[in-house]
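Participant: Data file start_6.csv (CSV, C-alpha atoms (C1' of nucleotides)) is appended below.
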chain,number,residue,atom,x,y,z
U,1,MET,CA,-83.2,23.3,34.9
U,2,SER,CA,-80.5,21.9,37.1
U,3,LEU,CA,-80.5,18.5,35.4
U,4,PRO,CA,-79.1,17.9,32.0
U,5,HIS,CA,-81.7,17.8,29.2
U,6,PRO,CA,-81.0,17.5,25.5
U,7,GLU,CA,-81.8,20.4,23.3
U,8,THR,CA,-84.8,20.0,21.0
U,9,ASP,CA,-82.7,19.3,17.9
U,10,GLN,CA,-80.5,16.8,19.8
U,11,ILE,CA,-83.5,14.5,20.4
U,12,THR,CA,-83.1,11.5,18.1
U,13,LEU,CA,-85.6,8.9,17.1
U,14,PRO,CA,-83.4,5.9,18.1
U,15,ASN,CA,-83.0,7.3,21.6
U,16,VAL,CA,-86.6,8.1,22.0
U,17,LEU,CA,-87.7,4.6,20.8
U,18,ALA,CA,-85.2,2.9,23.0
U,19,ALA,CA,-86.5,5.0,26.0
U,20,LEU,CA,-90.1,4.1,25.3
U,21,GLY,CA,-89.4,0.4,24.6
U,22,ASP,CA,-89.7,-0.5,28.2
U,23,ASP,CA,-92.9,-1.3,30.1
U,24,THR,CA,-92.1,0.7,33.1
U,25,ARG,CA,-91.2,3.8,31.1
U,26,LEU,CA,-94.1,3.5,28.8
U,27,ALA,CA,-96.4,3.4,31.9
U,28,ILE,CA,-94.7,6.5,33.2
U,29,ILE,CA,-95.6,8.2,29.9
U,30,GLY,CA,-99.1,7.0,30.1
U,31,CYS,CA,-99.5,8.5,33.6
U,32,LEU,CA,-98.0,11.8,32.5
U,33,ALA,CA,-100.2,12.0,29.5
U,34,ARG,CA,-103.2,11.7,31.8
U,35,CYS,CA,-102.0,14.4,34.1
U,36,ASP,CA,-100.4,16.8,31.6
U,37,GLN,CA,-103.3,19.1,31.3
U,38,LEU,CA,-102.7,19.9,35.0
U,39,ASN,CA,-99.1,20.2,36.1
U,40,GLY,CA,-97.5,17.0,35.4
U,41,LEU,CA,-96.5,14.6,38.1
U,42,VAL,CA,-94.0,14.3,40.9
U,43,CYS,CA,-91.8,11.2,41.0
U,44,GLY,CA,-93.4,10.0,44.3
U,45,GLN,CA,-96.8,9.7,42.6
U,46,LEU,CA,-95.4,7.0,40.4
U,47,ASN,CA,-94.2,4.8,43.3
U,48,GLY,CA,-96.9,2.3,42.5
U,49,LEU,CA,-94.9,1.3,39.4
U,50,THR,CA,-91.7,0.2,40.9
U,51,SER,CA,-89.1,1.0,43.6
U,52,LYS,CA,-88.0,4.6,44.4
U,53,THR,CA,-84.4,3.8,43.2
U,54,ASN,CA,-85.7,2.2,40.0
U,55,LEU,CA,-87.9,5.2,39.3
U,56,THR,CA,-84.9,7.5,39.5
U,57,TYR,CA,-83.2,5.3,37.0
U,58,HIS,CA,-86.2,5.2,34.5
U,59,VAL,CA,-87.1,8.9,34.8
U,60,ALA,CA,-83.4,9.7,34.1
U,61,LYS,CA,-83.6,7.6,31.0
U,62,LEU,CA,-86.6,9.4,29.7
U,63,ARG,CA,-85.0,12.7,30.6
U,64,GLU,CA,-81.8,11.9,28.8
U,65,ALA,CA,-83.7,10.8,25.7
U,66,GLY,CA,-85.5,14.1,25.7
U,67,VAL,CA,-88.9,12.6,26.4
U,68,VAL,CA,-89.6,14.4,29.7
U,69,ASN,CA,-88.6,17.5,31.5
U,70,VAL,CA,-87.6,17.2,35.2
U,71,ARG,CA,-87.4,20.2,37.4
U,72,PRO,CA,-86.6,20.3,41.1
U,73,GLU,CA,-89.4,21.7,43.3
U,74,GLY,CA,-88.0,21.7,46.8
U,75,THR,CA,-87.1,18.2,47.6
U,76,LYS,CA,-89.5,16.9,44.9
U,77,ARG,CA,-89.0,16.5,41.1
U,78,ARG,CA,-91.7,17.6,38.8
U,79,VAL,CA,-91.9,15.5,35.7
U,80,THR,CA,-93.6,16.7,32.5
U,81,LEU,CA,-93.8,15.5,28.9
U,82,ARG,CA,-91.8,17.5,26.4
U,83,ARG,CA,-94.9,17.6,24.1
U,84,ASP,CA,-93.9,20.6,22.0
U,85,ASP,CA,-90.4,19.4,21.5
U,86,LEU,CA,-91.4,15.9,20.4
U,87,ASP,CA,-94.2,17.2,18.2
U,88,GLN,CA,-91.7,19.5,16.4
U,89,ARG,CA,-89.1,16.8,16.0
U,90,PHE,CA,-91.4,13.8,15.2
U,91,PRO,CA,-94.8,15.1,14.2
U,92,GLY,CA,-97.6,12.7,15.1
U,93,PHE,CA,-95.4,10.4,17.0
U,94,LEU,CA,-96.2,11.3,20.6
U,95,ASP,CA,-99.9,11.5,20.1
U,96,SER,CA,-100.0,8.0,18.5
U,97,VAL,CA,-97.9,6.6,21.4
U,98,ILE,CA,-100.0,8.2,24.0
U,99,ALA,CA,-103.2,7.0,22.5
U,100,SER,CA,-102.2,3.5,23.3
U,101,ALA,CA,-100.1,4.1,26.4
U,102,VAL,CA,-102.9,5.6,28.5
U,103,ASP,CA,-104.8,2.3,28.3
U,104,LEU,CA,-102.0,0.2,29.7
U,105,PRO,CA,-103.0,-1.8,32.8
U,106,ALA,CA,-100.2,-0.5,34.9
U,107,VAL,CA,-101.3,3.1,34.1
U,108,GLU,CA,-104.8,2.3,35.1
U,109,THR,CA,-103.9,1.0,38.5
U,110,THR,CA,-101.4,3.7,39.2
U,111,MET,CA,-103.8,6.5,38.3
U,112,GLN,CA,-106.5,4.9,40.5
U,113,SER,CA,-104.3,5.0,43.6
U,114,LEU,CA,-103.3,8.5,42.8
U,115,LEU,CA,-107.0,9.6,42.8
U,116,SER,CA,-107.7,7.9,46.1
U,117,ASP,CA,-104.6,9.6,47.5
U,118,ASP,CA,-106.1,12.9,46.4
U,119,GLU,CA,-109.4,12.1,48.1
U,120,SER,CA,-107.8,11.3,51.5
U,121,ALA,CA,-105.5,14.4,51.2
U,122,ALA,CA,-108.6,16.5,50.6
U,123,SER,CA,-110.5,15.1,53.6
T,1,MET,CA,-97.1,-17.6,5.6
T,2,SER,CA,-95.0,-20.4,6.9
T,3,LEU,CA,-93.5,-18.3,9.6
T,4,PRO,CA,-95.5,-17.3,12.7
T,5,HIS,CA,-96.8,-13.8,12.6
T,6,PRO,CA,-99.0,-12.2,15.2
T,7,GLU,CA,-102.6,-11.3,14.2
T,8,THR,CA,-103.3,-7.7,13.8
T,9,ASP,CA,-105.1,-7.3,17.1
T,10,GLN,CA,-102.2,-9.1,18.9
T,11,ILE,CA,-99.8,-6.4,18.0
T,12,THR,CA,-99.0,-4.4,21.1
T,13,LEU,CA,-97.3,-1.0,21.5
T,14,PRO,CA,-94.8,-2.2,24.1
T,15,ASN,CA,-93.6,-4.9,21.7
T,16,VAL,CA,-93.5,-2.7,18.7
T,17,LEU,CA,-91.5,0.0,20.6
T,18,ALA,CA,-89.1,-2.6,21.9
T,19,ALA,CA,-88.6,-3.9,18.4
T,20,LEU,CA,-87.9,-0.5,17.0
T,21,GLY,CA,-85.7,0.6,19.8
T,22,ASP,CA,-82.6,-0.8,18.3
T,23,ASP,CA,-80.4,0.8,15.7
T,24,THR,CA,-80.1,-2.2,13.4
T,25,ARG,CA,-83.8,-2.8,13.3
T,26,LEU,CA,-84.7,0.8,12.9
T,27,ALA,CA,-82.3,0.8,9.9
T,28,ILE,CA,-84.1,-2.2,8.5
T,29,ILE,CA,-87.4,-0.3,8.7
T,30,GLY,CA,-85.8,2.7,7.0
T,31,CYS,CA,-84.7,0.5,4.1
T,32,LEU,CA,-88.1,-1.2,3.9
T,33,ALA,CA,-89.9,2.1,3.9
T,34,ARG,CA,-87.8,3.2,0.9
T,35,CYS,CA,-88.6,0.1,-1.1
T,36,ASP,CA,-92.1,-0.6,0.0
T,37,GLN,CA,-93.7,1.0,-3.0
T,38,LEU,CA,-92.1,-1.8,-5.0
T,39,ASN,CA,-92.0,-5.2,-3.5
T,40,GLY,CA,-90.2,-5.0,-0.2
T,41,LEU,CA,-86.8,-6.4,0.2
T,42,VAL,CA,-85.1,-9.7,0.5
T,43,CYS,CA,-82.9,-10.4,3.6
T,44,GLY,CA,-79.7,-10.5,1.5
T,45,GLN,CA,-80.2,-7.0,0.4
T,46,LEU,CA,-79.7,-5.9,4.0
T,47,ASN,CA,-76.3,-7.6,4.4
T,48,GLY,CA,-74.6,-4.2,4.6
T,49,LEU,CA,-76.1,-3.7,8.0
T,50,THR,CA,-74.7,-6.6,9.9
T,51,SER,CA,-73.9,-10.3,9.6
T,52,LYS,CA,-76.2,-12.8,8.0
T,53,THR,CA,-76.8,-14.6,11.3
T,54,ASN,CA,-77.6,-11.4,13.0
T,55,LEU,CA,-80.0,-10.3,10.3
T,56,THR,CA,-82.0,-13.5,10.8
T,57,TYR,CA,-82.2,-12.6,14.5
T,58,HIS,CA,-83.3,-9.0,14.0
T,59,VAL,CA,-85.8,-9.7,11.2
T,60,ALA,CA,-87.3,-12.4,13.5
T,61,LYS,CA,-87.7,-9.8,16.2
T,62,LEU,CA,-89.5,-7.5,13.9
T,63,ARG,CA,-91.7,-10.3,12.6
T,64,GLU,CA,-92.6,-11.4,16.1
T,65,ALA,CA,-93.5,-7.9,17.1
T,66,GLY,CA,-95.8,-7.7,14.1
T,67,VAL,CA,-93.8,-4.9,12.3
T,68,VAL,CA,-92.9,-6.9,9.2
T,69,ASN,CA,-94.2,-9.7,7.2
T,70,VAL,CA,-91.7,-12.4,6.0
T,71,ARG,CA,-92.6,-14.8,3.3
T,72,PRO,CA,-90.4,-17.5,1.8
T,73,GLU,CA,-89.7,-17.1,-1.9
T,74,GLY,CA,-87.7,-20.1,-2.9
T,75,THR,CA,-84.5,-20.0,-0.8
T,76,LYS,CA,-85.1,-16.3,-0.1
T,77,ARG,CA,-87.2,-14.4,2.4
T,78,ARG,CA,-89.2,-11.4,1.2
T,79,VAL,CA,-89.7,-8.9,4.0
T,80,THR,CA,-92.4,-6.2,3.8
T,81,LEU,CA,-93.7,-3.7,6.3
T,82,ARG,CA,-97.1,-4.4,7.8
T,83,ARG,CA,-98.3,-0.9,7.0
T,84,ASP,CA,-102.0,-1.5,7.1
T,85,ASP,CA,-101.9,-3.5,10.3
T,86,LEU,CA,-99.8,-0.9,12.1
T,87,ASP,CA,-101.9,2.0,10.8
T,88,GLN,CA,-105.0,0.3,12.0
T,89,ARG,CA,-103.6,-0.5,15.4
T,90,PHE,CA,-101.6,2.7,16.1
T,91,PRO,CA,-102.8,5.4,13.7
T,92,GLY,CA,-100.1,7.8,12.7
T,93,PHE,CA,-97.4,5.9,14.5
T,94,LEU,CA,-95.6,4.2,11.6
T,95,ASP,CA,-95.6,7.3,9.3
T,96,SER,CA,-94.0,9.4,12.0
T,97,VAL,CA,-91.3,6.8,12.7
T,98,ILE,CA,-90.6,6.2,9.0
T,99,ALA,CA,-90.3,10.0,8.4
T,100,SER,CA,-87.2,10.0,10.6
T,101,ALA,CA,-86.0,6.5,10.0
T,102,VAL,CA,-85.4,6.9,6.2
T,103,ASP,CA,-82.8,9.5,7.0
T,104,LEU,CA,-80.6,7.4,9.2
T,105,PRO,CA,-77.0,7.1,8.0
T,106,ALA,CA,-77.0,3.3,8.0
T,107,VAL,CA,-80.1,3.4,5.7
T,108,GLU,CA,-78.4,5.8,3.4
T,109,THR,CA,-75.3,3.7,2.9
T,110,THR,CA,-77.3,0.5,2.6
T,111,MET,CA,-79.6,1.9,0.0
T,112,GLN,CA,-76.6,3.2,-2.0
T,113,SER,CA,-75.0,-0.2,-2.2
T,114,LEU,CA,-78.3,-1.7,-3.2
T,115,LEU,CA,-78.7,0.8,-6.1
T,116,SER,CA,-75.2,0.1,-7.4
T,117,ASP,CA,-75.9,-3.7,-7.2
T,118,ASP,CA,-79.0,-3.1,-9.3
T,119,GLU,CA,-76.9,-1.2,-11.9
T,120,SER,CA,-74.3,-4.0,-12.2
T,121,ALA,CA,-77.1,-6.6,-12.3
T,122,ALA,CA,-78.7,-4.7,-15.2
T,123,SER,CA,-75.5,-4.4,-17.1
J,1,DC,C1',-81.7,22.0,65.3
J,2,DA,C1',-83.9,17.4,64.9
J,3,DT,C1',-86.5,15.0,62.0
J,4,DC,C1',-89.1,13.8,58.1
J,5,DT,C1',-89.9,13.6,53.2
J,6,DT,C1',-88.2,13.0,48.7
J,7,DG,C1',-85.2,11.6,45.8
J,8,DT,C1',-80.0,10.4,44.5
J,9,DT,C1',-75.7,7.7,44.4
J,10,DC,C1',-73.1,3.7,44.3
J,11,DA,C1',-71.8,-0.9,43.9
J,12,DA,C1',-73.5,-5.4,43.3
J,13,DT,C1',-76.4,-8.6,40.9
J,14,DA,C1',-79.7,-10.4,37.9
J,15,DG,C1',-81.6,-10.7,33.6
J,16,DA,C1',-82.2,-9.8,28.9
J,17,DT,C1',-80.3,-8.8,24.2
J,18,DA,C1',-77.1,-8.7,20.8
J,19,DT,C1',-73.3,-10.7,18.3
J,20,DT,C1',-70.4,-14.4,16.6
J,21,DG,C1',-68.9,-18.7,14.2
J,22,DA,C1',-69.5,-23.3,12.8
J,23,DA,C1',-72.5,-26.6,11.1
J,24,DC,C1',-76.7,-27.2,8.8
J,25,DT,C1',-81.1,-27.2,5.5
J,26,DA,C1',-83.6,-26.3,1.5
J,27,DA,C1',-84.2,-24.6,-3.2
J,28,DG,C1',-82.2,-23.6,-7.7
J,29,DG,C1',-79.0,-24.0,-11.5
J,30,DC,C1',-75.9,-26.3,-14.1
D,1,DG,C1',-76.1,-35.5,-8.8
D,2,DC,C1',-73.3,-31.6,-7.4
D,3,DC,C1',-72.4,-27.1,-6.4
D,4,DT,C1',-74.1,-22.5,-5.2
D,5,DT,C1',-77.1,-19.3,-3.0
D,6,DA,C1',-79.9,-17.8,0.9
D,7,DG,C1',-81.0,-18.2,5.2
D,8,DT,C1',-81.4,-21.0,9.8
D,9,DT,C1',-80.0,-23.2,14.1
D,10,DC,C1',-77.4,-23.8,18.0
D,11,DA,C1',-74.3,-22.9,21.6
D,12,DA,C1',-71.2,-19.6,23.4
D,13,DT,C1',-70.0,-15.1,24.6
D,14,DA,C1',-70.2,-10.3,25.1
D,15,DT,C1',-72.7,-6.4,26.2
D,16,DC,C1',-76.0,-3.8,27.9
D,17,DT,C1',-80.2,-2.9,30.9
D,18,DA,C1',-82.9,-3.3,34.8
D,19,DT,C1',-83.4,-4.1,39.7
D,20,DT,C1',-82.0,-4.1,44.5
D,21,DG,C1',-80.4,-2.3,49.0
D,22,DA,C1',-77.7,0.5,51.9
D,23,DA,C1',-76.0,4.9,52.7
D,24,DC,C1',-76.4,9.6,51.6
D,25,DA,C1',-78.0,14.8,50.4
D,26,DA,C1',-81.1,18.6,50.5
D,27,DG,C1',-85.2,20.9,51.4
D,28,DA,C1',-89.3,21.2,54.4
D,29,DT,C1',-91.5,21.3,58.9
D,30,DG,C1',-92.3,21.6,63.6
Rewrite the structure of this file - the entire thing - as structure tokens.
Facilitator:
Amino acid sequence: MSLPHPETDQITLPNVLAALGDDTRLAIIGCLARCDQLNGLVCGQLNGLTSKTNLTYHVAKLREAGVVNVRPEGTKRRVTLRRDDLDQRFPGFLDSVIASAVDLPAVETTMQSLLSDDESAAS
Amino acid sequence: MSLPHPETDQITLPNVLAALGDDTRLAIIGCLARCDQLNGLVCGQLNGLTSKTNLTYHVAKLREAGVVNVRPEGTKRRVTLRRDDLDQRFPGFLDSVIASAVDLPAVETTMQSLLSDDESAAS
DNA sequence: CATCTTGTTCAATAGATATTGAACTAAGGC
DNA sequence: GCCTTAGTTCAATATCTATTGAACAAGATG
């Protein structure tokens, strides 16, 4: 973990709510929730949402609030939800947010282009 | 209901999260959660949190997001949580938020001055 | 090692949000 | 009627947040 992440007990509700109270970041969470069974996502897979620079900014916000974990993988950054930490800290919160977030339009379109990328990569 | 409130199905998660992602407003929710068994609160009882003008602003934000109901009572405004609507729309969400919000320092101090006001009023 | 990919940094700008104070309205109580 | 209480409106300002582009860094790949 080369990037700074808050400890579980340092995660506060005001920070988490502020982090999630933004359309771009909520869409990121929606995408992550859909991919979390697997291995999370890499920043580049979220390029549909906004610019590269801006993604760096928003992912950092989520990381600093303790919502996601970001770990370097070569030149990439793998982003995963901090499910366990959030469940422990705010039971029921994340699930209720995810339930609505996965259905956001921006998430839908982003996931679709992700899937078609996978297809062409597999061909 | 003289003031505009969104219908239950117009309440969206992004709006609710944005409304709650602010320390003052989260404190308001914490106070309301503590008084909701009774009859909610009146704006003036939240004066400890910030200025009168600013309260009008924040309460309006919460109302517009569908988080609270505000109804005129003479010259006062009674504010209540829209518990049922939020539970229906985002099951589990409000409870998990409240569980943490009631413990915020600003809520603690505001509730204490409320209680001492009650005492002097009762004397 | 040259280059490509992936993401970061920094400084600038744009845009949104919060905060303030002064003037105002509307209801209630004397 | 007049004063008080409770909250609103408006315009100004302050502050904070998001967005952009150019230049950069570090790992991967041939």
Participant: Show me, as a tab-separated table, the residues of chain J having an atom within 9 Å of region 64-80 of chain T, each with the closest atom pair and its distance in Å, using all atoms listed in the file.
Facilitator:
residue	atom	partner	partner_atom	distance
J:DA26	C1'	T:Thr75	CA	6.8
J:DA27	C1'	T:Thr75	CA	5.2
J:DG28	C1'	T:Gly74	CA	8.1
Participant: For chain U, work out the contacting residues on chain D at 9 Å, counting all atoms listed in the file, and write them as a list of chain:residue names.
Facilitator: D:DA18, D:DT19, D:DT20, D:DA26, D:DG27, D:DA28
Participant: Nearest to chain T among J:DT20, J:DG7, J:DA2, J:DA14, with distances taken over all atoms listed in the file: which residue is it?
Facilitator: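 Under the stated criterion, the closest residue is J:DT20.
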Participant: Is it possible to get the residues within 12 Å of (-79.0, 7.0, 8.8) (coordinates as in the file, counting all atoms listed in the file) written as JSON, numbers by chain?
Facilitator: {"U": [12, 13, 14], "T": [23, 24, 25, 26, 27, 28, 29, 30, 31, 49, 98, 99, 100, 101, 102, 103, 104, 105, 106, 107, 108, 109, 110, 111, 112]}
Participant: Report the centre and edge lengths, in Å to one decimal, of an axis-aligned box enclosing every atom of region 7-15 of chain D listed in the file, padded by 4 Å on each side, as JSON.
Facilitator:
{"center_x": -75.7, "center_y": -15.1, "center_z": 15.7, "size_x": 19.4, "size_y": 25.4, "size_z": 29.0}
Participant: Using all atoms listed in the file, which of J:DC1, J:DA22, J:DC30, J:DA16 sits nearest chain U?
Facilitator: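 Between J:DC1, J:DA22, J:DC30, J:DA16, the residue approaching chain U most closely is J:DA16.
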Participant: Quick one: pull the distance between CA of Ile11 (chain T) and CA of Leu38 (chain T), Å, one decimal.
Facilitator: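 These two atoms are separated by 24.7 Å.
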Participant: Please complete region 69-84 of chain T with N, CA and C atoms and give it back as a PDB file, in the frame of the given file.
Facilitator:
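Output below, filename result-v1.pdb:
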ATOM      1  N   ASN T  69     -93.738  -8.446   7.656  1.00  0.00           N
ATOM      2  CA  ASN T  69     -94.200  -9.700   7.200  1.00  0.00           C
ATOM      3  C   ASN T  69     -93.005 -10.376   6.452  1.00  0.00           C
ATOM      4  N   VAL T  70     -92.807 -11.663   6.683  1.00  0.00           N
ATOM      5  CA  VAL T  70     -91.700 -12.400   6.000  1.00  0.00           C
ATOM      6  C   VAL T  70     -92.308 -13.579   5.314  1.00  0.00           C
ATOM      7  N   ARG T  71     -92.112 -13.637   3.999  1.00  0.00           N
ATOM      8  CA  ARG T  71     -92.600 -14.800   3.300  1.00  0.00           C
ATOM      9  C   ARG T  71     -91.531 -15.435   2.442  1.00  0.00           C
ATOM     10  N   PRO T  72     -91.421 -16.762   2.527  1.00  0.00           N
ATOM     11  CA  PRO T  72     -90.400 -17.500   1.800  1.00  0.00           C
ATOM     12  C   PRO T  72     -90.681 -17.333   0.266  1.00  0.00           C
ATOM     13  N   GLU T  73     -89.599 -17.190  -0.473  1.00  0.00           N
ATOM     14  CA  GLU T  73     -89.700 -17.100  -1.900  1.00  0.00           C
ATOM     15  C   GLU T  73     -88.506 -17.955  -2.411  1.00  0.00           C
ATOM     16  N   GLY T  74     -88.763 -19.197  -2.602  1.00  0.00           N
ATOM     17  CA  GLY T  74     -87.700 -20.100  -2.900  1.00  0.00           C
ATOM     18  C   GLY T  74     -86.749 -20.143  -1.693  1.00  0.00           C
ATOM     19  N   THR T  75     -85.469 -19.944  -1.942  1.00  0.00           N
ATOM     20  CA  THR T  75     -84.500 -20.000  -0.800  1.00  0.00           C
ATOM     21  C   THR T  75     -84.413 -18.577  -0.159  1.00  0.00           C
ATOM     22  N   LYS T  76     -85.113 -17.598  -0.718  1.00  0.00           N
ATOM     23  CA  LYS T  76     -85.100 -16.300  -0.100  1.00  0.00           C
ATOM     24  C   LYS T  76     -86.213 -15.977   0.788  1.00  0.00           C
ATOM     25  N   ARG T  77     -86.121 -14.840   1.455  1.00  0.00           N
ATOM     26  CA  ARG T  77     -87.200 -14.400   2.400  1.00  0.00           C
ATOM     27  C   ARG T  77     -87.568 -12.993   2.017  1.00  0.00           C
ATOM     28  N   ARG T  78     -88.774 -12.797   1.554  1.00  0.00           N
ATOM     29  CA  ARG T  78     -89.200 -11.400   1.200  1.00  0.00           C
ATOM     30  C   ARG T  78     -89.782 -10.764   2.444  1.00  0.00           C
ATOM     31  N   VAL T  79     -89.245  -9.588   2.760  1.00  0.00           N
ATOM     32  CA  VAL T  79     -89.700  -8.900   4.000  1.00  0.00           C
ATOM     33  C   VAL T  79     -90.414  -7.604   3.555  1.00  0.00           C
ATOM     34  N   THR T  80     -91.590  -7.418   4.115  1.00  0.00           N
ATOM     35  CA  THR T  80     -92.400  -6.200   3.800  1.00  0.00           C
ATOM     36  C   THR T  80     -92.894  -5.626   5.146  1.00  0.00           C
ATOM     37  N   LEU T  81     -93.114  -4.327   5.142  1.00  0.00           N
ATOM     38  CA  LEU T  81     -93.700  -3.700   6.300  1.00  0.00           C
ATOM     39  C   LEU T  81     -95.177  -4.019   6.411  1.00  0.00           C
ATOM     40  N   ARG T  82     -95.657  -4.164   7.606  1.00  0.00           N
ATOM     41  CA  ARG T  82     -97.100  -4.400   7.800  1.00  0.00           C
ATOM     42  C   ARG T  82     -97.791  -3.074   7.989  1.00  0.00           C
ATOM     43  N   ARG T  83     -97.726  -2.272   6.961  1.00  0.00           N
ATOM     44  CA  ARG T  83     -98.300  -0.900   7.000  1.00  0.00           C
ATOM     45  C   ARG T  83     -99.708  -0.847   7.467  1.00  0.00           C
ATOM     46  N   ASP T  84    -100.565  -1.586   6.772  1.00  0.00           N
ATOM     47  CA  ASP T  84    -102.000  -1.500   7.100  1.00  0.00           C
ATOM     48  C   ASP T  84    -102.304  -1.911   8.490  1.00  0.00           C
TER      49      ASP T  84
END
